[in-house]
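K.L.:
One file is attached below, data36.txt, containing compact mmCIF, C-alpha atoms and all ligand atoms.
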# COMPACT_ATOMS: atom_id res chain seq x y z
CA MET A 272 -169.30 -0.15 28.49
CA ALA A 273 -166.75 -0.73 31.25
CA GLN A 274 -168.42 -3.96 32.31
CA LEU A 275 -168.36 -7.33 30.55
CA TYR A 276 -171.80 -8.50 31.64
CA PRO A 277 -172.50 -12.14 32.54
CA PHE A 278 -174.84 -14.12 30.26
CA THR A 279 -175.29 -11.06 28.03
CA ASP A 280 -174.33 -10.37 24.41
CA PRO A 281 -171.61 -7.70 24.87
CA ARG A 282 -172.23 -6.13 21.44
CA VAL A 283 -175.94 -5.78 22.14
CA ALA A 284 -175.14 -4.23 25.55
CA GLU A 285 -173.10 -1.55 23.76
CA THR A 286 -176.19 -0.28 21.98
CA GLU A 287 -178.96 -1.36 24.36
CA ALA A 288 -177.71 -0.64 27.87
CA PRO A 289 -178.96 -3.14 30.48
CA ARG A 290 -181.70 -1.86 32.80
CA SER A 291 -179.80 -0.42 35.74
CA MET A 292 -181.23 -0.98 39.22
CA ALA A 293 -180.95 1.67 41.87
CA ARG A 294 -183.23 0.78 44.80
CA GLY A 295 -185.21 -2.03 46.39
CA ASP A 296 -188.30 -2.01 48.56
CA ASN A 297 -189.34 -5.46 49.77
CA VAL A 298 -190.29 -7.35 46.57
CA ARG A 299 -189.97 -4.35 44.25
CA VAL A 300 -186.93 -2.86 42.53
CA THR A 301 -186.66 0.58 40.94
CA ASP A 302 -184.32 1.40 38.05
CA THR A 303 -182.33 4.57 37.42
CA GLU A 304 -185.15 5.89 35.21
CA GLY A 305 -187.60 5.63 38.10
CA ASN A 306 -189.49 2.56 36.81
CA THR A 307 -190.56 0.15 39.55
CA PHE A 308 -191.01 -3.61 39.03
CA LEU A 309 -192.36 -6.39 41.17
CA ASP A 310 -189.66 -9.05 40.97
CA ALA A 311 -191.45 -12.40 40.73
CA VAL A 312 -188.22 -14.44 40.61
CA SER A 313 -186.33 -13.02 43.64
CA GLY A 314 -183.49 -11.67 41.46
CA LEU A 315 -181.72 -14.89 40.46
CA TRP A 316 -183.91 -17.14 42.65
CA CYS A 317 -182.04 -15.87 45.69
CA ALA A 318 -183.48 -12.71 47.34
CA SER A 319 -185.94 -14.74 49.41
CA LEU A 320 -186.61 -11.93 51.90
CA GLY A 321 -186.92 -9.06 49.44
CA PHE A 322 -184.40 -6.36 48.62
CA ASN A 323 -183.98 -4.28 51.79
CA HIS A 324 -184.92 -6.35 54.85
CA PRO A 325 -184.06 -4.21 57.93
CA ARG A 326 -183.09 -7.17 60.12
CA LEU A 327 -180.55 -8.48 57.61
CA ILE A 328 -179.09 -5.01 57.16
CA ARG A 329 -178.73 -4.68 60.94
CA ALA A 330 -177.20 -8.16 61.28
CA ALA A 331 -174.56 -7.36 58.64
CA GLU A 332 -173.76 -4.00 60.22
CA ALA A 333 -173.52 -5.41 63.73
CA GLN A 334 -171.11 -8.12 62.58
CA MET A 335 -169.03 -5.60 60.64
CA GLN A 336 -168.75 -3.48 63.78
CA LYS A 337 -167.62 -6.53 65.76
CA LEU A 338 -165.36 -8.35 63.31
CA ALA A 339 -165.62 -7.50 59.60
CA TYR A 340 -163.37 -10.31 58.44
CA TYR A 341 -161.46 -13.28 59.57
CA HIS A 342 -160.68 -16.59 57.93
CA SER A 343 -160.86 -20.26 58.86
CA PHE A 344 -157.45 -21.41 57.60
CA MET A 345 -154.64 -23.11 59.54
CA GLY A 346 -155.87 -23.20 63.10
CA ARG A 347 -158.12 -20.10 63.03
CA THR A 348 -161.87 -19.72 62.65
CA CYS A 349 -164.68 -17.30 63.51
CA GLU A 350 -167.03 -17.87 66.40
CA VAL A 351 -170.05 -16.82 64.31
CA THR A 352 -169.09 -19.15 61.44
CA ASP A 353 -168.78 -22.12 63.78
CA ARG A 354 -172.21 -21.28 65.16
CA LEU A 355 -173.64 -21.30 61.65
CA ALA A 356 -172.00 -24.66 60.87
CA LYS A 357 -173.62 -26.21 63.96
CA ARG A 358 -176.97 -24.67 63.13
CA LEU A 359 -176.85 -25.97 59.56
CA ALA A 360 -175.77 -29.45 60.65
CA ALA A 361 -178.87 -29.56 62.87
CA ARG A 362 -181.16 -28.25 60.14
CA LEU A 363 -179.88 -30.24 57.13
CA PRO A 364 -181.78 -33.44 56.33
CA GLY A 365 -180.60 -37.00 56.91
CA ASP A 366 -177.02 -37.59 57.90
CA LEU A 367 -175.58 -34.38 56.41
CA SER A 368 -173.58 -33.46 59.46
CA HIS A 369 -170.55 -31.46 58.23
CA VAL A 370 -170.23 -28.32 56.12
CA PHE A 371 -167.45 -26.67 54.15
CA PHE A 372 -167.99 -22.97 53.40
CA ALA A 373 -167.29 -21.10 50.17
CA ALA A 374 -168.58 -17.85 48.70
CA SER A 375 -170.55 -18.71 45.55
CA GLY A 376 -172.65 -21.56 44.27
CA SER A 377 -170.05 -22.31 41.59
CA GLU A 378 -167.36 -22.64 44.25
CA ALA A 379 -169.56 -25.00 46.22
CA VAL A 380 -170.01 -27.19 43.13
CA GLU A 381 -166.27 -27.13 42.35
CA THR A 382 -165.62 -28.08 45.97
CA ALA A 383 -168.14 -30.93 45.89
CA VAL A 384 -166.43 -32.39 42.82
CA LYS A 385 -162.99 -32.08 44.45
CA ILE A 386 -164.34 -33.78 47.56
CA VAL A 387 -165.67 -36.65 45.43
CA ARG A 388 -162.23 -37.10 43.86
CA TYR A 389 -160.44 -36.88 47.21
CA TYR A 390 -162.88 -39.39 48.68
CA GLN A 391 -162.46 -41.87 45.81
CA ASN A 392 -158.64 -41.52 45.88
CA ALA A 393 -158.66 -42.08 49.64
CA ARG A 394 -160.58 -45.32 49.08
CA GLY A 395 -158.03 -46.43 46.45
CA LYS A 396 -160.62 -45.95 43.65
CA HIS A 397 -158.32 -43.83 41.51
CA GLY A 398 -160.28 -44.27 38.28
CA LYS A 399 -163.69 -43.48 39.78
CA LYS A 400 -163.75 -39.76 38.99
CA ARG A 401 -166.18 -38.79 36.25
CA ILE A 402 -169.44 -37.15 37.21
CA ILE A 403 -172.86 -37.87 35.74
CA ALA A 404 -174.83 -34.68 35.00
CA ARG A 405 -178.06 -34.03 33.17
CA GLU A 406 -179.10 -32.16 30.03
CA GLY A 407 -180.60 -28.86 31.17
CA GLY A 408 -178.96 -29.00 34.62
CA TYR A 409 -177.33 -25.75 35.76
CA HIS A 410 -174.42 -25.98 38.18
CA GLY A 411 -172.50 -22.72 37.76
CA SER A 412 -169.63 -21.11 35.92
CA GLY A 413 -166.39 -22.67 37.23
CA GLN A 414 -164.48 -24.91 34.82
CA MET A 415 -166.02 -28.09 36.19
CA ALA A 416 -169.34 -26.48 37.20
CA ALA A 417 -169.79 -25.22 33.62
CA ALA A 418 -168.87 -28.64 32.22
CA LEU A 419 -171.49 -30.24 34.49
CA THR A 420 -174.05 -27.71 33.30
CA GLY A 421 -176.09 -29.23 30.50
CA MET A 422 -176.37 -26.10 28.33
CA SER A 423 -174.12 -25.82 25.29
CA TYR A 424 -173.74 -22.02 25.52
CA CYS A 425 -171.91 -22.54 28.83
CA HIS A 426 -169.36 -24.77 27.04
CA ASP A 427 -168.90 -23.16 23.65
CA GLY A 428 -165.54 -21.45 23.26
CA PHE A 429 -164.38 -22.20 26.82
CA ASP A 430 -162.85 -25.69 26.48
CA VAL A 431 -164.46 -26.83 29.73
CA PRO A 432 -163.49 -30.41 30.72
CA LEU A 433 -166.43 -32.25 29.16
CA ASP A 434 -164.38 -35.47 29.19
CA MET A 435 -164.93 -35.54 32.97
CA VAL A 436 -168.72 -35.54 32.50
CA VAL A 437 -171.11 -38.34 31.56
CA ARG A 438 -174.31 -36.72 30.27
CA VAL A 439 -177.76 -38.21 30.78
CA GLY A 440 -181.28 -37.02 29.95
CA ARG A 441 -183.42 -34.54 31.87
CA PRO A 442 -186.61 -35.73 33.58
CA HIS A 443 -188.97 -33.58 31.51
CA TYR A 444 -192.05 -35.79 31.25
CA LEU A 445 -194.11 -33.18 29.37
CA ARG A 446 -191.69 -32.88 26.43
CA ASP A 447 -189.65 -36.08 26.50
CA ALA A 448 -192.09 -38.91 27.36
CA HIS A 449 -192.78 -41.52 24.71
CA PRO A 450 -196.36 -41.69 23.39
CA GLY A 451 -198.59 -43.50 25.90
CA GLU A 452 -195.93 -43.57 28.63
CA ASN A 453 -197.22 -42.62 32.11
CA GLU A 454 -195.04 -40.74 34.62
CA LEU A 455 -193.97 -43.82 36.50
CA ASP A 456 -193.04 -45.66 33.29
CA PHE A 457 -191.13 -42.60 32.13
CA SER A 458 -189.17 -42.55 35.43
CA LYS A 459 -188.48 -46.28 35.15
CA ARG A 460 -187.14 -45.77 31.64
CA MET A 461 -184.92 -42.91 32.85
CA ALA A 462 -183.52 -45.19 35.59
CA ARG A 463 -182.98 -48.00 33.07
CA GLU A 464 -181.17 -45.64 30.69
CA LEU A 465 -179.02 -44.36 33.56
CA ASP A 466 -178.10 -47.92 34.49
CA GLU A 467 -177.24 -48.75 30.86
CA THR A 468 -175.10 -45.61 30.56
CA ILE A 469 -173.17 -46.48 33.72
CA ARG A 470 -172.57 -50.05 32.56
CA ARG A 471 -171.46 -48.84 29.11
CA GLU A 472 -169.08 -46.17 30.50
CA GLY A 473 -167.84 -48.42 33.34
CA PRO A 474 -168.98 -48.00 36.97
CA ASP A 475 -165.33 -47.84 38.03
CA THR A 476 -164.89 -44.61 36.06
CA ILE A 477 -167.80 -42.75 37.70
CA GLY A 478 -167.53 -41.10 41.12
CA ALA A 479 -170.80 -39.20 41.52
CA PHE A 480 -174.08 -38.05 40.02
CA ILE A 481 -175.07 -34.39 40.41
CA GLY A 482 -178.63 -33.12 40.10
CA GLU A 483 -180.95 -30.40 41.35
CA PRO A 484 -183.93 -31.95 43.19
CA ALA A 485 -186.05 -29.81 40.83
CA MET A 486 -184.33 -28.09 37.91
CA GLY A 487 -184.52 -24.29 38.09
CA SER A 488 -182.51 -22.65 35.31
CA GLY A 489 -183.22 -25.66 33.07
CA GLY A 490 -186.91 -24.69 32.97
CA VAL A 491 -188.47 -25.40 36.39
CA ILE A 492 -188.63 -29.12 35.71
CA LEU A 493 -190.23 -30.95 38.63
CA PRO A 494 -189.23 -34.60 38.92
CA PRO A 495 -191.95 -37.02 37.75
CA GLU A 496 -193.30 -39.67 40.10
CA GLY A 497 -190.68 -42.29 41.00
CA TYR A 498 -187.79 -40.46 39.32
CA TRP A 499 -185.50 -39.92 42.32
CA GLN A 500 -186.26 -43.35 43.80
CA GLY A 501 -185.17 -44.95 40.52
CA VAL A 502 -182.01 -42.83 40.23
CA GLN A 503 -180.98 -43.56 43.82
CA GLU A 504 -181.42 -47.31 43.41
CA VAL A 505 -179.18 -47.31 40.34
CA LEU A 506 -176.48 -45.17 42.00
CA ALA A 507 -176.41 -47.38 45.11
CA ARG A 508 -176.01 -50.46 42.89
CA HIS A 509 -172.86 -48.97 41.33
CA ASP A 510 -171.33 -47.34 44.44
CA ILE A 511 -171.79 -43.84 42.95
CA LEU A 512 -172.17 -40.84 45.27
CA LEU A 513 -175.13 -38.47 44.93
CA ILE A 514 -174.61 -34.69 45.04
CA ALA A 515 -177.90 -32.83 45.50
CA ASP A 516 -177.47 -29.32 44.12
CA GLU A 517 -179.91 -27.39 46.33
CA ILE A 518 -178.62 -23.96 45.37
CA ILE A 519 -182.11 -22.94 44.20
CA THR A 520 -184.31 -25.45 46.04
CA GLY A 521 -182.68 -25.13 49.48
CA PHE A 522 -184.34 -23.19 52.31
CA GLY A 523 -188.02 -23.61 51.71
CA ARG A 524 -188.51 -22.99 48.01
CA THR A 525 -190.34 -26.26 47.24
CA GLY A 526 -192.45 -26.29 50.42
CA ASN A 527 -190.00 -28.14 52.70
CA TRP A 528 -186.75 -26.88 54.12
CA PHE A 529 -184.92 -28.78 51.36
CA GLY A 530 -185.94 -30.20 47.99
CA CYS A 531 -184.45 -33.52 49.15
CA GLU A 532 -187.28 -33.71 51.71
CA THR A 533 -189.90 -32.91 49.07
CA TRP A 534 -188.78 -35.76 46.80
CA GLY A 535 -187.31 -38.34 49.21
CA ILE A 536 -183.66 -37.86 48.23
CA GLU A 537 -180.82 -38.97 50.53
CA PRO A 538 -177.67 -37.42 49.13
CA ASP A 539 -174.04 -37.95 50.18
CA LEU A 540 -173.22 -34.31 49.47
CA MET A 541 -175.39 -31.23 49.14
CA THR A 542 -174.54 -27.79 47.74
CA ILE A 543 -176.34 -24.74 49.16
CA ALA A 544 -176.05 -20.98 48.50
CA LYS A 545 -178.48 -18.21 47.42
CA GLN A 546 -181.30 -18.34 50.02
CA LEU A 547 -178.80 -19.35 52.73
CA THR A 548 -178.20 -15.61 53.22
CA ALA A 549 -181.32 -14.48 51.32
CA ALA A 550 -178.70 -13.09 48.85
CA TYR A 551 -177.59 -10.35 51.27
CA PHE A 552 -174.05 -11.75 51.32
CA PRO A 553 -172.26 -14.11 48.92
CA MET A 554 -172.02 -17.37 50.82
CA SER A 555 -172.29 -21.05 49.94
CA ALA A 556 -171.52 -24.41 51.48
CA VAL A 557 -171.07 -28.06 50.70
CA ALA A 558 -172.67 -30.36 53.24
CA MET A 559 -171.56 -33.99 53.54
CA THR A 560 -172.46 -37.09 55.49
CA SER A 561 -170.24 -38.29 58.31
CA ARG A 562 -169.31 -41.27 56.10
CA VAL A 563 -167.78 -38.91 53.52
CA GLN A 564 -166.34 -36.56 56.14
CA ASP A 565 -164.58 -39.45 57.93
CA VAL A 566 -162.83 -40.64 54.80
CA ILE A 567 -161.82 -37.06 53.90
CA ALA A 568 -160.58 -36.31 57.43
CA ASP A 569 -158.43 -39.45 57.60
CA ALA A 570 -156.91 -38.80 54.18
CA ALA A 571 -156.25 -35.13 54.98
CA HIS A 572 -154.69 -36.13 58.30
CA GLY A 573 -152.34 -38.43 56.39
CA MET A 574 -151.29 -35.50 54.17
CA GLY A 575 -151.04 -33.05 57.06
CA THR A 576 -153.79 -30.70 55.82
CA PHE A 577 -156.98 -30.54 53.76
CA GLY A 578 -155.46 -28.54 50.91
CA HIS A 579 -158.51 -26.63 49.75
CA GLY A 580 -160.14 -23.33 50.77
CA VAL A 581 -161.09 -19.84 49.60
CA THR A 582 -160.30 -16.51 51.27
CA TYR A 583 -163.94 -15.55 51.73
CA GLY A 584 -165.25 -19.01 52.65
CA GLY A 585 -167.14 -18.83 55.95
CA HIS A 586 -166.98 -15.03 55.98
CA PRO A 587 -168.17 -13.81 59.39
CA VAL A 588 -170.52 -11.20 57.91
CA GLY A 589 -172.07 -13.84 55.68
CA ALA A 590 -172.39 -16.17 58.67
CA ALA A 591 -174.12 -13.49 60.76
CA VAL A 592 -176.51 -12.72 57.90
CA ALA A 593 -177.20 -16.45 57.39
CA LEU A 594 -177.97 -16.91 61.10
CA GLU A 595 -180.41 -13.99 61.02
CA THR A 596 -181.94 -15.36 57.80
CA LEU A 597 -182.47 -18.73 59.51
CA ASP A 598 -184.08 -16.96 62.49
CA ILE A 599 -186.50 -15.18 60.15
CA TYR A 600 -187.29 -18.42 58.30
CA GLU A 601 -187.99 -20.20 61.58
CA GLU A 602 -190.15 -17.36 62.90
CA MET A 603 -192.22 -17.39 59.71
CA ASP A 604 -192.60 -21.19 60.07
CA LEU A 605 -191.00 -21.55 56.65
CA PRO A 606 -192.60 -24.68 55.13
CA ALA A 607 -196.11 -23.70 56.31
CA HIS A 608 -195.63 -20.12 55.08
CA VAL A 609 -194.34 -21.24 51.66
CA ASN A 610 -197.11 -23.82 51.26
CA ALA A 611 -199.82 -21.25 52.11
CA LEU A 612 -198.52 -18.62 49.66
CA GLY A 613 -197.70 -21.36 47.14
CA ALA A 614 -201.32 -22.55 47.26
CA ARG A 615 -202.45 -19.02 46.34
CA ILE A 616 -200.05 -19.05 43.37
CA GLY A 617 -201.43 -22.49 42.46
CA ARG A 618 -205.06 -21.30 42.52
CA ALA A 619 -204.21 -18.55 40.03
CA LEU A 620 -202.08 -20.87 37.87
CA GLY A 621 -204.95 -23.33 37.33
CA PRO A 622 -206.96 -21.15 34.90
CA ILE A 623 -203.75 -19.88 33.24
CA GLY A 624 -203.01 -23.51 32.33
CA GLU A 625 -206.24 -23.55 30.28
CA MET A 626 -205.38 -20.43 28.27
CA PRO A 627 -204.38 -20.54 24.58
CA GLY A 628 -200.63 -20.92 24.05
CA VAL A 629 -200.02 -22.53 27.46
CA LEU A 630 -198.92 -26.17 27.38
CA GLN A 631 -198.70 -26.76 31.13
CA THR A 632 -198.45 -25.01 34.49
CA ARG A 633 -196.60 -26.62 37.39
CA ARG A 634 -195.63 -25.80 40.97
CA ALA A 635 -193.90 -27.07 44.10
CA GLY A 636 -194.17 -24.66 47.04
CA MET A 637 -193.24 -21.22 45.71
CA LEU A 638 -191.37 -22.56 42.67
CA ALA A 639 -193.75 -22.43 39.71
CA ALA A 640 -193.87 -22.10 35.94
CA ALA A 641 -196.07 -21.76 32.90
CA GLU A 642 -194.67 -23.66 29.94
CA MET A 643 -195.77 -22.05 26.69
CA GLU A 644 -196.06 -23.91 23.41
CA THR A 645 -193.18 -21.99 21.84
CA GLU A 646 -190.25 -19.84 22.88
CA ALA A 647 -191.78 -16.96 20.89
CA ASP A 648 -194.92 -17.17 23.07
CA ALA A 649 -192.80 -16.96 26.22
CA ILE A 650 -190.83 -13.99 24.86
CA ALA A 651 -194.13 -12.19 24.18
CA VAL A 652 -195.42 -12.99 27.70
CA MET A 653 -192.23 -11.64 29.29
CA ALA A 654 -192.36 -8.41 27.29
CA ALA A 655 -196.04 -7.86 28.12
CA ALA A 656 -195.41 -8.54 31.82
CA GLU A 657 -192.47 -6.15 31.95
CA ARG A 658 -194.62 -3.42 30.38
CA ARG A 659 -197.09 -4.09 33.22
CA GLY A 660 -194.34 -3.81 35.85
CA VAL A 661 -193.56 -7.46 36.70
CA PHE A 662 -190.32 -9.39 36.12
CA PHE A 663 -190.60 -13.10 35.45
CA ARG A 664 -187.73 -15.25 34.18
CA ARG A 665 -187.82 -16.90 30.78
CA ILE A 666 -186.09 -20.20 30.04
CA GLY A 667 -186.79 -21.27 26.46
CA PRO A 668 -190.59 -21.64 26.31
CA VAL A 669 -190.94 -21.54 30.11
CA VAL A 670 -191.99 -18.54 32.21
CA ALA A 671 -190.65 -19.09 35.74
CA ILE A 672 -192.26 -17.77 38.94
CA SER A 673 -190.31 -17.77 42.21
CA PRO A 674 -191.14 -14.68 44.31
CA PRO A 675 -189.57 -13.71 47.64
CA TYR A 676 -191.22 -15.24 50.71
CA THR A 677 -192.02 -11.70 51.90
CA VAL A 678 -194.47 -11.21 49.03
CA THR A 679 -197.94 -10.24 50.31
CA LYS A 680 -201.16 -11.98 49.25
CA ASP A 681 -202.10 -8.81 47.34
CA ASP A 682 -198.73 -8.87 45.56
CA ILE A 683 -199.35 -12.49 44.55
CA ASP A 684 -202.74 -11.53 43.16
CA THR A 685 -201.09 -8.66 41.27
CA LEU A 686 -198.29 -10.72 39.77
CA MET A 687 -200.52 -13.64 38.83
CA GLY A 688 -203.06 -11.19 37.35
CA VAL A 689 -200.26 -9.69 35.26
CA LEU A 690 -199.21 -13.17 34.13
CA ALA A 691 -202.76 -13.99 33.02
CA ALA A 692 -203.14 -10.67 31.19
CA SER A 693 -199.73 -11.12 29.54
CA VAL A 694 -200.56 -14.65 28.37
CA GLU A 695 -203.80 -13.31 26.91
CA GLU A 696 -202.00 -10.46 25.17
CA ALA A 697 -199.40 -12.88 23.75
CA ALA A 698 -202.18 -15.15 22.44
CA THR A 699 -203.93 -12.19 20.78
CA LEU A 700 -200.64 -11.15 19.17
CA ALA A 701 -200.06 -14.69 17.90
CA THR A 702 -203.42 -14.78 16.15
CA THR A 703 -203.25 -11.31 14.52
N1 LIG B 1 -176.22 -24.59 41.03
C1 LIG B 1 -177.48 -24.19 40.80
C2 LIG B 1 -178.59 -25.19 40.89
C3 LIG B 1 -177.74 -22.87 40.46
O1 LIG B 1 -179.00 -22.49 40.19
C4 LIG B 1 -176.65 -21.95 40.41
C5 LIG B 1 -176.91 -20.54 40.06
O2 LIG B 1 -177.95 -20.18 39.57
C6 LIG B 1 -175.36 -22.40 40.67
C7 LIG B 1 -175.18 -23.73 40.99
C8 LIG B 1 -174.18 -21.47 40.62
O3 LIG B 1 -174.24 -20.54 41.64
P1 LIG B 1 -173.44 -19.15 41.53
O4 LIG B 1 -174.07 -18.38 40.42
O5 LIG B 1 -173.61 -18.53 42.89
O6 LIG B 1 -172.01 -19.47 41.26
Could you write out this file's structure as structure tokens?
Ligand code: PLP

P.N.:
Amino acid sequence: MAQLYPFTDPRVAETEAPRSMARGDNVRVTDTEGNTFLDAVSGLWCASLGFNHPRLIRAAEAQMQKLAYYHSFMGRTCEVTDRLAKRLAARLPGDLSHVFFAASGSEAVETAVKIVRYYQNARGKHGKKRIIAREGGYHGSGQMAAALTGMSYCHDGFDVPLDMVVRVGRPHYLRDAHPGENELDFSKRMARELDETIRREGPDTIGAFIGEPAMGSGGVILPPEGYWQGVQEVLARHDILLIADEIITGFGRTGNWFGCETWGIEPDLMTIAKQLTAAYFPMSAVAMTSRVQDVIADAAHGMGTFGHGVTYGGHPVGAAVALETLDIYEEMDLPAHVNALGARIGRALGPIGEMPGVLQTRRAGMLAAAEMETEADAIAVMAAAERRGVFFRRIGPVVAISPPYTVTKDDIDTLMGVLAASVEEAATLATT
């Protein structure tokens, strides 16, 4: 094996070669053996317009013909990248009015953390640097991004800087609520525990809180009623910035343009990637409010430069692809489109929630899941679905569903039918 594969056991890969993909056709991918699968999770929650959209291919080619690369360092920029920045500033919710471009989600998260530190230093708050992050949160693979991630296998062996992180609980009402606690009470307790943690650790040592509006890789955990309101009240009380990590939820996934709109979140910084370019080009960004931008700009002016940037940040081909992606989203009337297809997923999920072995089904827009009683059940469901030609994503006992927005109604019926049949097969296996 010439490749060290990400999130894969290398010794297993030596004997069991990973399934190798060769072609894509809208929501389906075909491997080198000629097997075709309907991908019900858009690759890694990113290929929102399928795997070979002609308009995105044309947009990339046209930009490559015009200007295949230029940077945005030291008095240069690209016309197309500036256009994208303006377009995003107009589209982003609230007062998020400035963007900094990078190439991957991890880079966006690293950048957001550096911006928090720069901001706090500029305000003379030199000790206010640690970041609150949640169990089960996923924020990427950089040193700090991995430390923020609340999954031990992203820390083990790497010596990531966990001392810079203050860990708090995940808002998983189904599994973590106390007996008799309703959703609102659960959210109030989470806010109270957050407040206690901040007081114990010292508000002057904490610069920001990072969280996904709805957790994706942590198991499609949708925030319970009142959760984000409670968190925001506590953060405001202690002068702690909020970073909304919208790398999965951004661009329609939860039924609004941004997850922040779905759950009433007003962040100071937002990270975006994945569906920004529908995954056709690696591109990410950190958006910030003018309040943050002003402090950063003044401090950077004092130092003579903002000393941070990556070679491929704001890549013109990525910018052209992102602009075309935004055009397609607008033409499809993104929130309405996602809510209509999401409702069809929801109608099929209802009866699946009543099947043996299923603890709960949940959904926001086109982000959905079936949580099985055990991890073994979910493994069996995944295997049965793959035999039937559909890829879902398993996270512990959770089977995640997050198809491209270009999925047809018939495809939804197919993939949800496969899910139901696979749950049934898993239940039969469990009882024999
Ligand atoms: N943040 C969230 C919420 C993510 O889901 C991911 C990737 O799945 C990342 C950050 C990291 O992005 P990347 O893999 O592009 O570095």

K.L.:
Report the distance between atom CA of Asp310 of chain A and atom CA of Tyr676 of chain A in Å, rounded to one decimal place.

P.N.:
11.6 Å

K.L.:
I'd like a table as CSV: residues in segment 313-387 of chain A with an atom no more than 10 Å from segment 514-535 of chain A, each row giving the shortest atom pair and its distance in Å to one decimal, all atoms listed in the file counted, sorted by chain and rising residue number.

P.N.:
residue,atom,partner,partner_atom,distance
A:Leu315,CA,A:Ile519,CA,8.9
A:Trp316,CA,A:Ile519,CA,6.3
A:Cys317,CA,A:Ile519,CA,7.2
A:Ser319,CA,A:Arg524,CA,8.8
A:Arg362,CA,A:Trp528,CA,8.3
A:Leu363,CA,A:Phe529,CA,7.8
A:Pro364,CA,A:Glu532,CA,7.2
A:Gly365,CA,A:Glu532,CA,9.1
A:Ser375,CA,A:Ile518,CA,9.6
A:Gly376,CA,A:Ile518,CA,6.5
A:Ser377,CA,A:Ile518,CA,9.5
A:Ala379,CA,A:Ile518,CA,9.2
A:Val380,CA,A:Asp516,CA,7.8
A:Ala383,CA,A:Ile514,CA,7.5
A:Val384,CA,A:Ile514,CA,8.8
A:Val387,CA,A:Ile514,CA,9.2

K.L.:
Using only C-alpha atoms and all ligand atoms, which of A:Glu602, A:Asp466, A:Glu483, A:Glu452 sits nearest ligand LIG 1 (chain B)?

P.N.:
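Smallest separation from ligand LIG 1 (chain B) among the options: A:Glu483.
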
K.L.:
With only C-alpha atoms as the atoms that count, which of A:Met643, A:Ala591, A:Gly636, A:Val312 lies nearest to Gln334 of chain A?

P.N.:
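For Gln334 of chain A, the nearest of the candidates is A:Ala591.
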
K.L.:
For ligand LIG 1 (chain B), which residue out of A:Ala360, A:Ala507, A:Met486, A:Ile402 is the nearest one, using only C-alpha atoms and all ligand atoms?

P.N.:
A:Met486

K.L.:
So, counting all atoms listed in the file, which residue among A:Ile536, A:Ala273, A:Met292, A:Met541 is closest to ligand LIG 1 (chain B)?

P.N.:
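Checking each candidate against ligand LIG 1 (chain B), we get A:Met541 as the closest.
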
K.L.:
Give the padded box for ligand LIG 1 (chain B) as lines of an AutoDock Vina configuration file: axis-aligned, covering all atoms listed in the file, 4 Å on each side, centre and edge lengths in Å to one decimal.

P.N.:
center_x = -175.5
center_y = -21.8
center_z = 41.2
size_x = 15.0
size_y = 14.8
size_z = 11.3

K.L.:
Looking at only C-alpha atoms, which of A:Thr382, A:Gln631, A:Thr352, A:Thr476 is the one that sits closest to Tyr340 of chain A?

P.N.:
A:Thr352

K.L.:
To one decimal place in Å, what is the distance between atom CA of Ser368 of chain A and atom C8 of ligand LIG 1 (chain B)?

P.N.:
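Going from atom CA of Ser368 of chain A over to atom C8 of ligand LIG 1 (chain B), I get 22.3 Å.
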